[in-house]
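Engineer: Okay, so here is structure-v3.txt, and as you'll see once you scroll down, it has compact mmCIF, C-alpha atoms.
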# COMPACT_ATOMS: atom_id res chain seq x y z
CA MET P 1 3.27 -8.27 25.41
CA SER P 2 0.23 -8.68 23.16
CA GLU P 3 -0.33 -11.79 21.13
CA ILE P 4 -0.24 -11.45 17.33
CA ASN P 5 -3.62 -12.56 16.02
CA ALA P 6 -3.79 -10.62 12.77
CA CYS P 7 -1.52 -9.20 10.08
CA LEU P 8 -2.65 -6.26 7.93
CA PHE P 9 -0.84 -5.59 4.66
CA ASP P 10 -0.50 -2.58 2.44
CA LEU P 11 -0.55 -3.60 -1.22
CA ASP P 12 1.73 -1.47 -3.39
CA GLY P 13 5.38 -2.08 -2.56
CA VAL P 14 4.64 -4.73 0.07
CA LEU P 15 2.87 -7.56 -1.75
CA VAL P 16 3.16 -6.50 -5.38
CA ASP P 17 5.25 -4.06 -7.35
CA THR P 18 2.71 -1.67 -8.80
CA ALA P 19 4.65 1.43 -7.76
CA ARG P 20 6.34 1.67 -11.14
CA TYR P 21 2.98 1.73 -12.92
CA HIS P 22 1.82 4.61 -10.72
CA TYR P 23 5.06 6.43 -11.45
CA ILE P 24 4.80 5.93 -15.23
CA ALA P 25 1.20 7.16 -15.26
CA TRP P 26 2.00 10.24 -13.13
CA ARG P 27 5.13 10.97 -15.20
CA GLU P 28 3.10 10.86 -18.43
CA LEU P 29 0.53 13.24 -16.95
CA ALA P 30 3.25 15.67 -15.81
CA GLY P 31 4.78 15.56 -19.29
CA GLU P 32 1.45 16.55 -20.83
CA LEU P 33 1.23 19.43 -18.35
CA GLY P 34 4.70 20.57 -19.41
CA PHE P 35 7.05 19.61 -16.59
CA GLU P 36 9.28 16.76 -15.48
CA PHE P 37 8.27 14.38 -12.69
CA THR P 38 11.21 12.39 -11.32
CA GLU P 39 11.49 9.16 -9.33
CA GLN P 40 12.60 11.29 -6.39
CA ASP P 41 9.42 13.36 -6.72
CA ASN P 42 7.45 10.10 -6.81
CA GLU P 43 8.70 9.16 -3.32
CA ARG P 44 6.40 11.88 -1.97
CA LEU P 45 3.37 10.00 -3.32
CA LYS P 46 3.98 6.73 -1.46
CA GLY P 47 0.97 5.74 0.63
CA VAL P 48 -0.91 8.88 -0.42
CA SER P 49 -4.41 8.97 -1.94
CA ARG P 50 -4.97 9.73 -5.63
CA ALA P 51 -6.38 13.21 -4.99
CA ALA P 52 -3.58 14.13 -2.61
CA SER P 53 -1.01 12.72 -5.05
CA LEU P 54 -2.36 14.95 -7.82
CA ASN P 55 -2.10 17.99 -5.55
CA ILE P 56 1.56 17.17 -4.84
CA LEU P 57 2.24 16.70 -8.56
CA LEU P 58 0.64 20.05 -9.41
CA GLU P 59 2.60 21.71 -6.63
CA ILE P 60 5.83 20.34 -8.13
CA GLY P 61 4.81 21.73 -11.50
CA GLY P 62 3.73 25.06 -10.04
CA ILE P 63 0.25 24.63 -11.51
CA GLU P 64 -3.09 25.67 -9.99
CA LEU P 65 -6.31 24.19 -11.35
CA ALA P 66 -10.02 24.24 -10.59
CA GLU P 67 -11.44 21.24 -8.75
CA ASP P 68 -13.33 19.91 -11.76
CA GLU P 69 -10.16 19.93 -13.85
CA LYS P 70 -8.29 18.16 -11.03
CA ALA P 71 -10.98 15.48 -10.97
CA ARG P 72 -10.63 15.00 -14.73
CA LEU P 73 -6.83 14.67 -14.54
CA ALA P 74 -7.01 12.25 -11.60
CA GLU P 75 -9.38 10.06 -13.60
CA GLN P 76 -7.15 10.29 -16.66
CA LYS P 77 -4.13 9.14 -14.64
CA ASN P 78 -6.15 6.31 -13.10
CA SER P 79 -7.35 5.10 -16.51
CA ARG P 80 -3.77 4.76 -17.68
CA TYR P 81 -2.75 3.02 -14.47
CA VAL P 82 -5.65 0.56 -14.84
CA GLU P 83 -4.49 -0.24 -18.37
CA TYR P 84 -1.09 -1.21 -16.97
CA ILE P 85 -2.34 -3.30 -14.02
CA ALA P 86 -4.86 -5.12 -16.23
CA LYS P 87 -1.86 -6.96 -17.68
CA MET P 88 -0.44 -8.03 -14.29
CA ASP P 89 -0.09 -11.68 -13.30
CA SER P 90 1.35 -13.76 -10.45
CA SER P 91 4.91 -13.09 -11.63
CA GLU P 92 4.59 -9.60 -10.14
CA ILE P 93 4.04 -10.79 -6.56
CA LEU P 94 7.07 -9.58 -4.61
CA PRO P 95 9.61 -12.15 -3.32
CA GLY P 96 8.49 -13.88 -0.12
CA ALA P 97 5.02 -12.32 -0.08
CA LEU P 98 2.96 -15.37 -1.00
CA ASP P 99 5.02 -17.65 1.24
CA PHE P 100 4.50 -15.33 4.21
CA LEU P 101 0.74 -15.08 3.59
CA LYS P 102 0.59 -18.90 3.53
CA GLU P 103 2.65 -19.08 6.72
CA CYS P 104 0.29 -16.68 8.48
CA ARG P 105 -2.68 -18.82 7.45
CA GLU P 106 -0.96 -22.01 8.69
CA ALA P 107 -0.16 -20.32 12.01
CA GLY P 108 -3.80 -19.35 12.53
CA ILE P 109 -3.09 -15.64 12.05
CA LYS P 110 -5.87 -13.72 10.29
CA VAL P 111 -4.91 -11.68 7.24
CA ALA P 112 -6.36 -8.42 5.90
CA LEU P 113 -5.49 -5.94 3.20
CA GLY P 114 -5.28 -2.28 4.23
CA SER P 115 -4.69 -0.27 1.08
CA ALA P 116 -5.57 3.19 -0.20
CA SER P 117 -5.84 1.74 -3.72
CA LYS P 118 -9.27 1.77 -5.35
CA ASN P 119 -7.94 -0.80 -7.82
CA ALA P 120 -6.90 -3.33 -5.19
CA MET P 121 -9.38 -6.01 -6.24
CA THR P 122 -8.17 -5.90 -9.85
CA ILE P 123 -4.58 -6.39 -8.69
CA LEU P 124 -5.44 -9.15 -6.20
CA ASP P 125 -7.54 -11.02 -8.73
CA ASN P 126 -4.97 -10.73 -11.54
CA THR P 127 -2.13 -11.93 -9.33
CA GLY P 128 -4.16 -14.70 -7.67
CA LEU P 129 -3.74 -13.28 -4.15
CA THR P 130 -7.43 -12.75 -3.33
CA PRO P 131 -8.05 -16.15 -1.64
CA TRP P 132 -5.35 -15.51 0.96
CA PHE P 133 -7.23 -12.64 2.63
CA ASP P 134 -9.85 -12.91 5.35
CA ALA P 135 -10.81 -9.26 4.82
CA ILE P 136 -10.06 -6.65 2.16
CA ILE P 137 -10.23 -2.96 3.03
CA ASP P 138 -9.29 -0.70 0.14
CA GLY P 139 -9.87 2.83 -1.08
CA THR P 140 -13.52 2.08 -1.86
CA HIS P 141 -14.19 1.47 1.85
CA THR P 142 -12.42 4.47 3.38
CA SER P 143 -13.01 8.22 3.58
CA ALA P 144 -9.68 9.24 5.12
CA ALA P 145 -6.21 8.58 3.68
CA LYS P 146 -3.16 7.42 5.62
CA PRO P 147 -1.69 8.61 7.98
CA ASP P 148 -5.26 8.51 9.25
CA PRO P 149 -5.67 5.08 10.89
CA GLU P 150 -9.15 4.43 9.42
CA VAL P 151 -8.12 1.72 6.93
CA PHE P 152 -6.35 -0.34 9.59
CA LEU P 153 -9.04 0.10 12.23
CA LEU P 154 -11.62 -1.07 9.69
CA GLY P 155 -9.39 -4.06 8.96
CA ALA P 156 -9.16 -4.99 12.63
CA GLN P 157 -12.91 -4.62 12.95
CA ALA P 158 -13.51 -6.88 9.94
CA LEU P 159 -11.21 -9.49 11.46
CA HIS P 160 -12.86 -9.15 14.90
CA THR P 161 -9.44 -8.49 16.37
CA ALA P 162 -8.29 -5.81 18.84
CA PRO P 163 -5.80 -3.27 17.43
CA GLU P 164 -3.12 -4.27 19.96
CA ASN P 165 -3.20 -7.80 18.53
CA CYS P 166 -2.59 -6.57 14.95
CA VAL P 167 0.65 -6.04 13.07
CA VAL P 168 0.77 -3.78 10.01
CA PHE P 169 3.17 -4.28 7.09
CA GLU P 170 3.91 -1.04 5.23
CA ASP P 171 6.47 0.47 2.86
CA ALA P 172 5.53 4.13 3.43
CA GLU P 173 6.06 6.53 6.33
CA ALA P 174 2.39 7.56 6.17
CA GLY P 175 1.37 3.92 6.60
CA ILE P 176 3.66 3.36 9.57
CA LEU P 177 2.24 6.48 11.22
CA ALA P 178 -1.30 5.25 10.50
CA ALA P 179 -0.48 1.93 12.20
CA THR P 180 0.88 3.73 15.26
CA ARG P 181 -2.22 5.93 15.45
CA ALA P 182 -4.36 2.80 15.21
CA GLY P 183 -2.59 1.35 18.28
CA MET P 184 -0.96 -1.40 16.23
CA ARG P 185 2.60 -2.61 15.90
CA SER P 186 4.27 -2.19 12.54
CA VAL P 187 6.84 -3.75 10.23
CA GLY P 188 8.45 -1.49 7.66
CA ILE P 189 9.20 -3.09 4.31
CA GLY P 190 12.16 -1.26 2.82
CA SER P 191 14.81 1.02 4.26
CA ALA P 192 15.34 1.74 7.97
CA GLU P 193 16.40 5.22 6.89
CA THR P 194 12.87 6.13 5.84
CA LEU P 195 10.86 3.66 7.96
CA GLY P 196 12.67 4.07 11.28
CA ALA P 197 9.42 4.73 13.14
CA ALA P 198 8.35 1.10 12.57
CA ASN P 199 8.83 -1.48 15.34
CA LEU P 200 10.78 -3.65 12.92
CA VAL P 201 12.21 -3.00 9.45
CA VAL P 202 13.08 -5.68 6.86
CA PRO P 203 14.03 -5.29 3.19
CA SER P 204 11.16 -7.52 2.02
CA LEU P 205 8.78 -10.22 3.22
CA GLN P 206 11.42 -12.69 2.13
CA GLN P 207 13.38 -11.78 5.28
CA ILE P 208 10.62 -12.45 7.80
CA SER P 209 8.82 -15.50 9.23
CA VAL P 210 6.04 -15.86 11.78
CA PRO P 211 8.41 -17.12 14.54
CA ALA P 212 10.86 -14.27 13.80
CA LEU P 213 8.00 -11.76 13.85
CA ARG P 214 6.76 -12.98 17.21
CA GLU P 215 10.26 -12.91 18.66
CA ALA P 216 11.05 -9.43 17.33
CA LEU P 217 7.81 -7.90 18.62
CA ALA P 218 7.55 -9.87 21.87
CA SER P 219 8.64 -6.95 24.03
CA VAL P 220 6.83 -4.24 22.08
Produce structure tokens that represent the structure in this file.
Structural biologist:
Amino acid sequence: MSEINACLFDLDGVLVDTARYHYIAWRELAGELGFEFTEQDNERLKGVSRAASLNILLEIGGIELAEDEKARLAEQKNSRYVEYIAKMDSSEILPGALDFLKECREAGIKVALGSASKNAMTILDNTGLTPWFDAIIDGTHTSAAKPDPEVFLLGAQALHTAPENCVVFEDAEAGILAATRAGMRSVGIGSAETLGAANLVVPSLQQISVPALREALASV
């Protein structure tokens, strides 16, 4: 049994609901390219980098493009997404998220962000969540996307905490796999059907507390 000294959080779908803005922006891009992009298709993009997401979208549409055109489209999608998140405020923090961050702080547990998003700081600042983090590792700090464990290992390093003493909170299969590869325990936020590889699965941060977390992962 390893003590829990740090909690590392994904951003989209765990702390805030920005997933719908990603979906809207990708759907608009697909429409301009002449095909439909559904919510079911969007599930494939969870926890995936922007470049990889574009490749999946183009695959769905049966479209092949040169790298420079891909770069232009990825930037176009991001510009639209940024327009949406610029209007975010604290009302878009997911239920239980802020309370759990506060509880971690009160329990002496360090807190880090581990997100693929390159817009993480905009979202954290607009929602007022920035002060609750001891370290922020986002897409501007990493070279490899989840399921590569880089983002979480960098988070542990920034918190001066061993991986075995960290717990990752994720809503995507790729993120859970990244946590496992980092040698960390994981909590899936969402459905056990898709996040069964996690050590613990809860519907949202509203259903977890620090004592419950310690009890659930005591034997892991």
Engineer: Quick one: contact table of stretch 20-135 of chain P to stretch 158-177 of chain P, 8 Å max, nearest atom pair and distance in Å to one decimal per residue, counting all atoms listed in the file, chain and number order, as a Markdown table?
Structural biologist:
| residue | atom | partner | partner_atom | distance |
| --- | --- | --- | --- | --- |
| P:Lys46 | CA | P:Ala172 | CA | 5.8 |
| P:Gly47 | CA | P:Ala172 | CA | 5.6 |
| P:Val48 | CA | P:Ala174 | CA | 7.5 |
| P:Lys110 | CA | P:Leu159 | CA | 6.9 |
| P:Val111 | CA | P:Leu159 | CA | 7.9 |
| P:Ala112 | CA | P:Leu159 | CA | 7.5 |
| P:Asp134 | CA | P:Leu159 | CA | 7.1 |
| P:Ala135 | CA | P:Ala158 | CA | 6.3 |
Engineer: Tell me which protein, DNA and RNA residues are within 8 Å of P:Leu29, counting all atoms listed in the file, leaving out same-chain ones fewer than 3 positions away, and put them as a list in words.
Structural biologist: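 My reading of the contact set: Ala25, Trp26, Glu32, Leu33, Leu73 and Lys77 of chain P.
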Engineer: Once you add 3 Å to each side, what are the centre and edge lengths of the axis-aligned box holding all listed atoms of stretch 122-139 of chain P? One decimal in Å, as AutoDock Vina command-line options, if you can.
Structural biologist:
--center_x -6.5 --center_y -6.7 --center_z -3.1 --size_x 14.7 --size_y 25.0 --size_z 22.9
Engineer: Nearest to P:Leu129 among P:Ala197, P:Leu58, P:Leu101, P:Ala178, with distances taken over all atoms listed in the file: which residue is it?
Structural biologist: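 Selected residue with least distance to P:Leu129: P:Leu101.
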Engineer: Tell me, as a PDB file with C-alpha atoms, in the coordinates of the input, which residues lie within 10 Å of stretch 140-142 of chain P, counting all atoms listed in the file; anything in the same chain fewer than 3 positions away does not count.
Structural biologist:
ATOM      1  CA  GLY P 114      -5.280  -2.280   4.230  1.00  0.00           C
ATOM      2  CA  SER P 115      -4.690  -0.270   1.080  1.00  0.00           C
ATOM      3  CA  ALA P 116      -5.570   3.190  -0.200  1.00  0.00           C
ATOM      4  CA  SER P 117      -5.840   1.740  -3.720  1.00  0.00           C
ATOM      5  CA  LYS P 118      -9.270   1.770  -5.350  1.00  0.00           C
ATOM      6  CA  ASN P 119      -7.940  -0.800  -7.820  1.00  0.00           C
ATOM      7  CA  ALA P 120      -6.900  -3.330  -5.190  1.00  0.00           C
ATOM      8  CA  ILE P 136     -10.060  -6.650   2.160  1.00  0.00           C
ATOM      9  CA  ILE P 137     -10.230  -2.960   3.030  1.00  0.00           C
ATOM     10  CA  ALA P 145      -6.210   8.580   3.680  1.00  0.00           C
ATOM     11  CA  LYS P 146      -3.160   7.420   5.620  1.00  0.00           C
ATOM     12  CA  GLU P 150      -9.150   4.430   9.420  1.00  0.00           C
ATOM     13  CA  VAL P 151      -8.120   1.720   6.930  1.00  0.00           C
ATOM     14  CA  PHE P 152      -6.350  -0.340   9.590  1.00  0.00           C
ATOM     15  CA  LEU P 154     -11.620  -1.070   9.690  1.00  0.00           C
TER      16      LEU P 154
END
Engineer: Which is closer to P:Ser53 than all the others in P:Tyr23, P:Phe133, P:Phe100, P:Phe9, using all atoms listed in the file?
Structural biologist: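 Closest to P:Ser53 of all the choices is P:Tyr23.
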Engineer: Can you measure atom CA of P:Asn199 to atom CA of P:Pro211 for me? One decimal in Å is fine.
Structural biologist: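 Calculated distance between atom CA of P:Asn199 and atom CA of P:Pro211 is 15.7 Å.
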Engineer: Figure out the distance between atom CA of P:Leu113 and atom CA of P:Gly139, please, to one decimal in Å.
Structural biologist: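 It comes out at 10.7 Å.
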Engineer: Could you check how far atom CA of P:Leu124 sits from atom CA of P:Cys7, in Å to one decimal?
Structural biologist: 16.7 Å
Engineer: I'd like to know which of P:Leu195, P:Ser209, P:Tyr84, P:Arg181 is closest to P:Glu106, using only C-alpha atoms.
Structural biologist: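 Distance minimum relative to P:Glu106 lands on P:Ser209.
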Engineer: Have a look at P:Glu43, P:Asp125, P:Glu193, P:Glu69 and name the one nearest to P:Asp89; count only C-alpha atoms.
Structural biologist: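 Counting only C-alpha atoms, the residue closest to P:Asp89 is P:Asp125.
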Engineer: Here is a test: counting all atoms listed in the file, which residue of P:Ile208, P:Ala86, P:Ala107, P:Leu153 is nearest to P:Ile4?
Structural biologist: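 Among the listed residues, the smallest separation from P:Ile4 belongs to P:Ala107.
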Engineer: Excluding same-chain residues fewer than 4 positions from P:Leu94, what lies within 9 Å of it counting only C-alpha atoms, as an mmCIF file with C-alpha atoms, in the frame of the given file?
Structural biologist:
data_model
loop_
_atom_site.group_PDB
_atom_site.id
_atom_site.type_symbol
_atom_site.label_atom_id
_atom_site.label_comp_id
_atom_site.auth_asym_id
_atom_site.auth_seq_id
_atom_site.Cartn_x
_atom_site.Cartn_y
_atom_site.Cartn_z
ATOM 1 C CA GLY P 13 5.380 -2.080 -2.560
ATOM 2 C CA VAL P 14 4.640 -4.730 0.070
ATOM 3 C CA LEU P 15 2.870 -7.560 -1.750
ATOM 4 C CA VAL P 16 3.160 -6.500 -5.380
ATOM 5 C CA ASP P 17 5.250 -4.060 -7.350
ATOM 6 C CA LEU P 98 2.960 -15.370 -1.000
ATOM 7 C CA SER P 204 11.160 -7.520 2.020
ATOM 8 C CA LEU P 205 8.780 -10.220 3.220
ATOM 9 C CA GLN P 206 11.420 -12.690 2.130
#
Engineer: For each of P:Ala19, P:Ala182, P:Ala51, P:Val187, take the minimum atom-to-atom distance to P:Pro203, counting all atoms listed in the file, then give the residue where this is smallest.
Structural biologist: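 Closest to P:Pro203 of all the choices is P:Val187.
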